[in-house]
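Asks: So here's final.txt (compact mmCIF, C-alpha atoms).
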```txt
# COMPACT_ATOMS: atom_id res chain seq x y z
CA MET A 1124 6.38 21.33 2.40
CA SER A 1125 4.93 23.39 -0.43
CA PRO A 1126 2.49 26.03 0.90
CA GLY A 1127 -1.05 26.90 -0.08
CA ARG A 1128 -2.91 23.66 0.63
CA ARG A 1129 -6.13 23.59 2.62
CA THR A 1130 -5.97 20.66 5.05
CA VAL A 1131 -9.26 18.91 5.78
CA ALA A 1132 -10.22 15.68 7.54
CA PHE A 1133 -12.99 13.07 7.41
CA ASP A 1134 -14.19 11.29 10.51
CA GLY A 1135 -17.31 9.80 12.06
CA LEU A 1136 -19.10 10.36 15.36
CA ASN A 1137 -21.22 7.43 16.54
CA SER A 1138 -22.40 8.48 19.98
CA LEU A 1139 -25.14 11.12 19.64
CA ARG A 1140 -27.93 9.68 21.78
CA VAL A 1141 -31.61 10.01 20.85
CA PRO A 1142 -34.84 9.17 22.71
CA ASP A 1143 -35.75 5.47 22.88
CA THR A 1144 -39.00 5.69 20.90
CA ASP A 1145 -40.50 3.16 18.49
CA ARG A 1146 -39.91 5.47 15.52
CA ASN A 1147 -36.28 6.13 16.43
CA ARG A 1148 -35.61 2.43 17.02
CA ALA A 1149 -37.16 1.57 13.64
CA TRP A 1150 -34.71 3.94 11.97
CA LEU A 1151 -31.56 3.57 14.09
CA GLY A 1152 -31.93 0.16 15.70
CA ARG A 1153 -30.56 -0.59 19.16
CA ILE A 1154 -27.02 -1.25 20.33
CA LYS A 1155 -26.59 -4.52 22.20
CA TYR A 1156 -23.70 -4.96 24.63
CA ARG A 1157 -22.65 -8.13 26.44
CA MET A 1158 -24.79 -7.24 29.48
CA GLY A 1159 -27.85 -6.06 27.50
CA PHE A 1160 -29.16 -3.28 25.28
CA ALA A 1161 -27.92 0.31 25.51
CA GLY A 1162 -30.28 2.76 27.13
CA TYR A 1163 -30.60 4.93 24.02
CA PRO A 1164 -30.33 4.47 20.25
CA THR A 1165 -27.41 6.43 18.83
CA LEU A 1166 -27.03 8.50 15.71
CA ARG A 1167 -24.08 8.42 13.31
CA LEU A 1168 -22.61 11.65 12.02
CA GLN A 1169 -19.96 11.79 9.30
CA ALA A 1170 -18.22 15.13 8.82
CA LEU A 1171 -15.64 16.88 6.69
CA VAL A 1172 -13.79 19.50 8.74
CA GLU A 1173 -11.15 22.09 7.94
CA THR A 1174 -8.36 21.28 10.38
CA GLY A 1175 -7.01 24.80 10.82
CA THR A 1176 -10.29 26.39 11.88
CA ARG A 1177 -12.30 23.26 12.83
CA GLY A 1178 -14.98 24.67 10.54
CA LEU A 1179 -17.51 22.18 9.20
CA ILE A 1180 -17.45 21.89 5.41
CA GLY A 1181 -20.06 19.14 5.12
CA ALA A 1182 -21.85 16.48 7.14
CA ALA A 1183 -24.03 13.40 6.66
CA VAL A 1184 -26.50 11.96 9.19
CA ALA A 1185 -26.98 8.19 9.18
CA SER A 1186 -27.91 5.08 11.12
CA ALA A 1187 -25.80 2.07 12.06
CA THR A 1188 -27.06 0.17 8.99
CA ASP A 1189 -25.90 2.77 6.46
CA GLY A 1190 -22.48 1.25 5.78
CA ASP A 1191 -18.98 1.87 7.07
CA GLU A 1192 -17.31 5.25 7.53
CA ALA A 1193 -15.95 5.35 3.99
CA ALA A 1194 -19.44 4.67 2.59
CA LEU A 1195 -20.80 7.69 4.49
CA ALA A 1196 -17.82 9.84 3.52
CA ARG A 1197 -18.64 9.19 -0.15
CA ARG A 1198 -21.71 11.38 0.33
CA LEU A 1199 -19.35 14.30 1.01
CA LEU A 1200 -16.83 13.85 -1.80
CA GLY A 1201 -18.51 16.65 -3.75
CA HIS A 1202 -17.08 19.11 -1.22
CA LEU A 1203 -13.49 18.23 -2.13
CA THR A 1204 -11.65 20.48 -4.56
CA PRO A 1205 -8.15 20.79 -6.02
CA GLY A 1206 -5.90 22.49 -3.50
CA MET A 1207 -7.21 20.45 -0.57
CA LEU A 1208 -5.16 17.87 1.31
CA VAL A 1209 -7.41 15.27 2.95
CA LEU A 1210 -6.14 13.67 6.20
CA LEU A 1211 -7.58 10.22 6.88
CA ASP A 1212 -7.32 7.53 9.54
CA ARG A 1213 -7.17 3.76 8.94
CA ALA A 1214 -10.93 3.40 8.48
CA TYR A 1215 -10.67 5.12 5.08
CA ASP A 1216 -7.67 3.41 3.46
CA ALA A 1217 -9.58 1.20 0.99
CA ASN A 1218 -8.10 1.45 -2.51
CA GLY A 1219 -11.40 2.35 -4.15
CA PHE A 1220 -12.15 5.19 -1.75
CA LEU A 1221 -8.65 6.65 -2.06
CA SER A 1222 -8.99 6.58 -5.86
CA GLU A 1223 -12.31 8.43 -5.60
CA ILE A 1224 -10.64 11.16 -3.54
CA ALA A 1225 -7.87 11.45 -6.13
CA CYS A 1226 -10.48 11.87 -8.88
CA THR A 1227 -11.79 15.04 -7.17
CA GLY A 1228 -8.42 16.74 -7.69
CA ALA A 1229 -7.71 16.80 -3.94
CA ARG A 1230 -4.59 15.13 -2.53
CA PHE A 1231 -4.66 12.83 0.48
CA LEU A 1232 -2.48 11.72 3.39
CA ALA A 1233 -3.91 8.58 4.97
CA ARG A 1234 -2.81 6.19 7.69
CA ALA A 1235 -2.70 2.62 6.37
CA LYS A 1236 -3.88 -0.53 8.10
CA ALA A 1237 -1.09 -2.73 9.45
CA THR A 1238 -2.13 -5.54 7.06
CA ARG A 1239 -1.02 -3.59 3.98
CA ASN A 1240 2.13 -4.75 2.21
CA PRO A 1241 2.54 -2.40 -0.77
CA ILE A 1242 4.93 -3.13 -3.61
CA VAL A 1243 8.06 -0.97 -3.89
CA ILE A 1244 8.43 0.72 -7.28
CA ALA A 1245 11.17 3.22 -6.39
CA CYS A 1246 12.94 4.19 -3.16
CA LEU A 1247 13.29 7.92 -2.46
CA PRO A 1248 16.12 9.74 -0.64
CA ASP A 1249 13.97 10.66 2.39
CA GLY A 1250 13.21 6.99 3.17
CA SER A 1251 9.77 6.92 1.53
CA PHE A 1252 8.99 4.89 -1.59
CA LEU A 1253 6.63 4.95 -4.54
CA SER A 1254 3.98 2.26 -4.97
CA ARG A 1255 0.73 1.52 -6.82
CA LEU A 1256 -2.79 0.94 -5.47
CA ASP A 1257 -5.14 -0.36 -8.18
CA GLY A 1258 -3.51 1.82 -10.81
CA LEU A 1259 -3.07 4.90 -8.57
CA THR A 1260 0.54 5.96 -8.00
CA VAL A 1261 1.14 6.74 -4.33
CA ARG A 1262 3.99 7.33 -1.95
CA ILE A 1263 4.46 5.30 1.24
CA ILE A 1264 6.01 6.80 4.38
CA ASP A 1265 6.96 4.72 7.42
CA ALA A 1266 7.25 6.56 10.72
CA GLU A 1267 8.30 5.58 14.21
CA LEU A 1268 6.68 7.74 16.89
CA THR A 1269 7.45 8.25 20.56
CA MET A 1270 4.86 9.89 22.82
CA THR A 1271 5.75 11.14 26.30
CA GLY A 1272 3.01 11.55 28.90
CA THR A 1273 2.91 14.16 31.64
CA ASP A 1274 4.12 11.52 34.09
CA GLY A 1275 7.14 10.77 31.93
CA THR A 1276 5.74 7.52 30.51
CA ARG A 1277 6.89 6.92 26.93
CA ILE A 1278 4.92 4.94 24.35
CA HIS A 1279 6.30 3.88 20.99
CA ASP A 1280 4.22 3.27 17.88
CA ARG A 1281 4.66 2.90 14.15
CA TYR A 1282 2.63 4.59 11.42
CA ARG A 1283 2.49 3.81 7.71
CA LEU A 1284 1.15 6.72 5.68
CA ILE A 1285 -0.11 6.71 2.09
CA THR A 1286 -0.13 9.94 0.07
CA THR A 1287 -0.53 11.27 -3.45
CA LEU A 1288 2.10 13.92 -2.68
CA LEU A 1289 4.82 12.21 -4.69
CA ASP A 1290 7.64 14.77 -4.72
CA HIS A 1291 9.92 14.23 -1.72
CA ARG A 1292 11.70 17.54 -2.41
CA HIS A 1293 8.55 19.64 -2.04
CA ASP A 1294 6.97 17.39 0.61
CA PRO A 1295 9.67 15.62 2.66
CA ALA A 1296 8.58 12.64 4.72
CA ASP A 1297 9.31 14.21 8.12
CA ALA A 1298 7.15 17.26 7.27
CA LEU A 1299 4.20 15.05 6.25
CA ILE A 1300 4.54 12.97 9.43
CA ARG A 1301 4.26 16.15 11.51
CA LEU A 1302 1.39 17.44 9.37
CA TYR A 1303 -0.61 14.24 9.82
CA HIS A 1304 -1.15 15.12 13.50
CA GLU A 1305 -3.55 17.86 12.35
CA ARG A 1306 -6.10 15.11 11.66
CA TRP A 1307 -6.85 15.13 15.38
CA GLU A 1308 -8.46 18.58 15.01
CA ILE A 1309 -11.65 16.84 13.89
CA GLU A 1310 -11.68 14.92 17.19
CA THR A 1311 -11.65 18.26 19.02
CA ALA A 1312 -14.55 19.46 16.86
CA PHE A 1313 -16.55 16.32 17.74
CA LEU A 1314 -15.67 16.77 21.41
CA ALA A 1315 -17.35 20.16 21.29
CA LEU A 1316 -20.46 18.71 19.66
CA ARG A 1317 -20.76 15.89 22.20
CA HIS A 1318 -19.85 17.67 25.40
CA THR A 1319 -19.63 21.46 25.08
CA ILE A 1320 -22.82 22.14 23.13
CA LEU A 1321 -24.94 19.20 24.28
CA THR A 1322 -23.36 19.01 27.77
CA GLY A 1323 -24.23 15.32 27.84
CA HIS A 1324 -27.93 15.76 27.04
CA VAL A 1325 -29.93 13.41 24.82
CA LEU A 1326 -31.50 14.83 21.66
CA ARG A 1327 -35.22 15.41 22.13
CA SER A 1328 -37.11 14.41 18.98
CA GLY A 1329 -38.94 11.11 18.68
CA ASP A 1330 -38.65 10.61 14.91
CA GLN A 1331 -36.16 10.94 12.06
CA PRO A 1332 -37.22 14.35 10.65
CA GLY A 1333 -37.08 15.95 14.09
CA ILE A 1334 -33.74 14.37 14.97
CA GLU A 1335 -32.19 15.48 11.69
CA GLN A 1336 -33.48 19.03 12.25
CA GLU A 1337 -31.86 19.07 15.71
CA VAL A 1338 -28.54 17.80 14.36
CA TRP A 1339 -28.37 20.46 11.66
CA ALA A 1340 -29.20 23.10 14.28
CA LEU A 1341 -26.32 21.81 16.43
CA LEU A 1342 -23.95 21.93 13.48
CA LEU A 1343 -25.04 25.48 12.73
CA VAL A 1344 -24.41 26.55 16.34
CA HIS A 1345 -21.00 24.84 16.25
CA GLN A 1346 -20.13 26.64 13.02
CA LEU A 1347 -21.13 29.99 14.49
```
Just give me the structure of the file as structure tokens.

Replies:
Amino acid sequence: MSPGRRTVAFDGLNSLRVPDTDRNRAWLGRIKYRMGFAGYPTLRLQALVETGTRGLIGAAVASATDGDEAALARRLLGHLTPGMLVLLDRAYDANGFLSEIACTGARFLARAKATRNPIVIACLPDGSFLSRLDGLTVRIIDAELTMTGTDGTRIHDRYRLITTLLDHRHDPADALIRLYHERWEIETAFLALRHTILTGHVLRSGDQPGIEQEVWALLLVHQL
């Protein structure tokens, strides 16, 4: 794969708990499960992370009513620049959102939903093929994965990846399949925010300004 790209990832965290006050409920609502309401309202955090360092490039704080993950990620598109390669999971594979990423000059490598059935424009020697998504030329890579657990259990899965890296000679399919695993670095960053820094504690503030101030303080500590 051609060198020099900065790999970054979008993802959302939906489990930061806040005090169950009237002001927090008015902003965040309450989560209802089959057996009743959750004990605490929860905050949504959308982040853009550099996968190599797990450094936070940008973040957006939101409630459950503020749209899906792609809608929140749109708030952070201004942080994308040419030279970046954005790694995305299936929640972000909408054609419009992928086109918006392409317009920033950044490239992307996204996992597609299983319901996609892209047209084949040209087949490439590495097994990938070129296609079009609402006028955007992309490359489709199909991968079969086998994961082996510590107990020897083996699980098989299939991935379909969409990318704007069109040259199979510079970016062969097997190299991009391996690279896509770096997307999980953002999960490790969120694990630190949920468990290492907070150690399971609930945020303390009873209203939106205070909660947002706490979240930005947490992100600052994480960055440090």

Asks: For each of A:Val1344, A:Ile1278, A:Leu1199, A:Leu1299, take the minimum atom-to-atom distance to Thr1319 in chain A, counting all atoms listed in the file, then give the residue where this is smallest.

Replies: A:Val1344

Asks: For Asp1290 in chain A, which residue among A:Phe1252, A:Phe1220, A:Phe1133, A:Phe1313 is the nearest when counting all atoms listed in the file?

Replies: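 Nearest candidate to Asp1290 in chain A out of A:Phe1252, A:Phe1220, A:Phe1133, A:Phe1313: A:Phe1252.
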
Asks: Please list as JSON, numbers by chain every residue within 7 Å of Gly1228 in chain A, counting all atoms listed in the file and excluding residues in the same chain fewer than 3 positions away.

Replies: {"A": [1204, 1205, 1225]}

Asks: Taking into account all atoms listed in the file, which residue in the set A:Thr1269, A:Tyr1282, A:Asp1297, A:Thr1287 is nearest to Arg1255 in chain A?

Replies: A:Thr1287

Asks: Name all residues at most 12 Å from Leu1168 in chain A (count all atoms listed in the file; drop same-chain ones fewer than 4 positions away) and give them as number ranges by chain.

Replies: A: 1133-1140, 1181-1187, 1189, 1191-1192, 1195-1196, 1198-1199, 1313, 1316-1317, 1334-1335, 1338-1339, 1341-1342

Asks: Let me see the file: selected residues, C-alpha atoms, as a short mmCIF file (atom, residue, chain, number, x, y, z; two decimals), in the coordinates of the input.

Replies:
```cif
data_model
loop_
_atom_site.label_atom_id
_atom_site.label_comp_id
_atom_site.auth_asym_id
_atom_site.auth_seq_id
_atom_site.Cartn_x
_atom_site.Cartn_y
_atom_site.Cartn_z
CA PHE A 1133 -12.99 13.07 7.41
CA ASP A 1134 -14.19 11.29 10.51
CA GLY A 1135 -17.31 9.80 12.06
CA LEU A 1136 -19.10 10.36 15.36
CA ASN A 1137 -21.22 7.43 16.54
CA SER A 1138 -22.40 8.48 19.98
CA LEU A 1139 -25.14 11.12 19.64
CA ARG A 1140 -27.93 9.68 21.78
CA GLY A 1181 -20.06 19.14 5.12
CA ALA A 1182 -21.85 16.48 7.14
CA ALA A 1183 -24.03 13.40 6.66
CA VAL A 1184 -26.50 11.96 9.19
CA ALA A 1185 -26.98 8.19 9.18
CA SER A 1186 -27.91 5.08 11.12
CA ALA A 1187 -25.80 2.07 12.06
CA ASP A 1189 -25.90 2.77 6.46
CA ASP A 1191 -18.98 1.87 7.07
CA GLU A 1192 -17.31 5.25 7.53
CA LEU A 1195 -20.80 7.69 4.49
CA ALA A 1196 -17.82 9.84 3.52
CA ARG A 1198 -21.71 11.38 0.33
CA LEU A 1199 -19.35 14.30 1.01
CA PHE A 1313 -16.55 16.32 17.74
CA LEU A 1316 -20.46 18.71 19.66
CA ARG A 1317 -20.76 15.89 22.20
CA ILE A 1334 -33.74 14.37 14.97
CA GLU A 1335 -32.19 15.48 11.69
CA VAL A 1338 -28.54 17.80 14.36
CA TRP A 1339 -28.37 20.46 11.66
CA LEU A 1341 -26.32 21.81 16.43
CA LEU A 1342 -23.95 21.93 13.48
#
```

Asks: With only C-alpha atoms as the atoms that count, which of A:Arg1292, A:His1324, A:Arg1146, A:Arg1177 lies nearest to Ala1312 in chain A?

Replies: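 Closest residue, counting only C-alpha atoms: A:Arg1177.
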
Asks: Choose the residue, out of A:Leu1289, A:Leu1284, A:Leu1211, A:Leu1179, that has the smallest atom-to-atom separation from Ala1245 in chain A; count all atoms listed in the file.

Replies: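 Checking each candidate against Ala1245 in chain A, we get A:Leu1289 as the closest.
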
Asks: Restricting the calculation to all atoms listed in the file, which member of A:Arg1281, A:Arg1306, A:Arg1262, A:Arg1128 is positioned closest to Asp1212 in chain A?

Replies: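 Among the listed residues, A:Arg1306 lies closest to Asp1212 in chain A.
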
Asks: In Å, rounded to a single decimal, give me how far CA of Thr1188 in chain A is from CA of Thr1165 in chain A.

Replies: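 It comes out at 11.7 Å.
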
Asks: Name all residues at most 9 Å from Ala1233 in chain A (count all atoms listed in the file; drop same-chain ones fewer than 4 positions away) and give them as number ranges by chain.

Replies: A: 1209-1213, 1215-1216, 1221, 1283-1286, 1303

Asks: Between CA of Ser1254 in chain A and CA of Ile1242 in chain A, what distance in Å does the model show, to one decimal?

Replies: 5.6 Å

Asks: Have a look at CA of Gly1162 in chain A and CA of Asp1143 in chain A and let me know their distance in Å, one decimal.

Replies: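 Distance reported for this atom pair: 7.4 Å.
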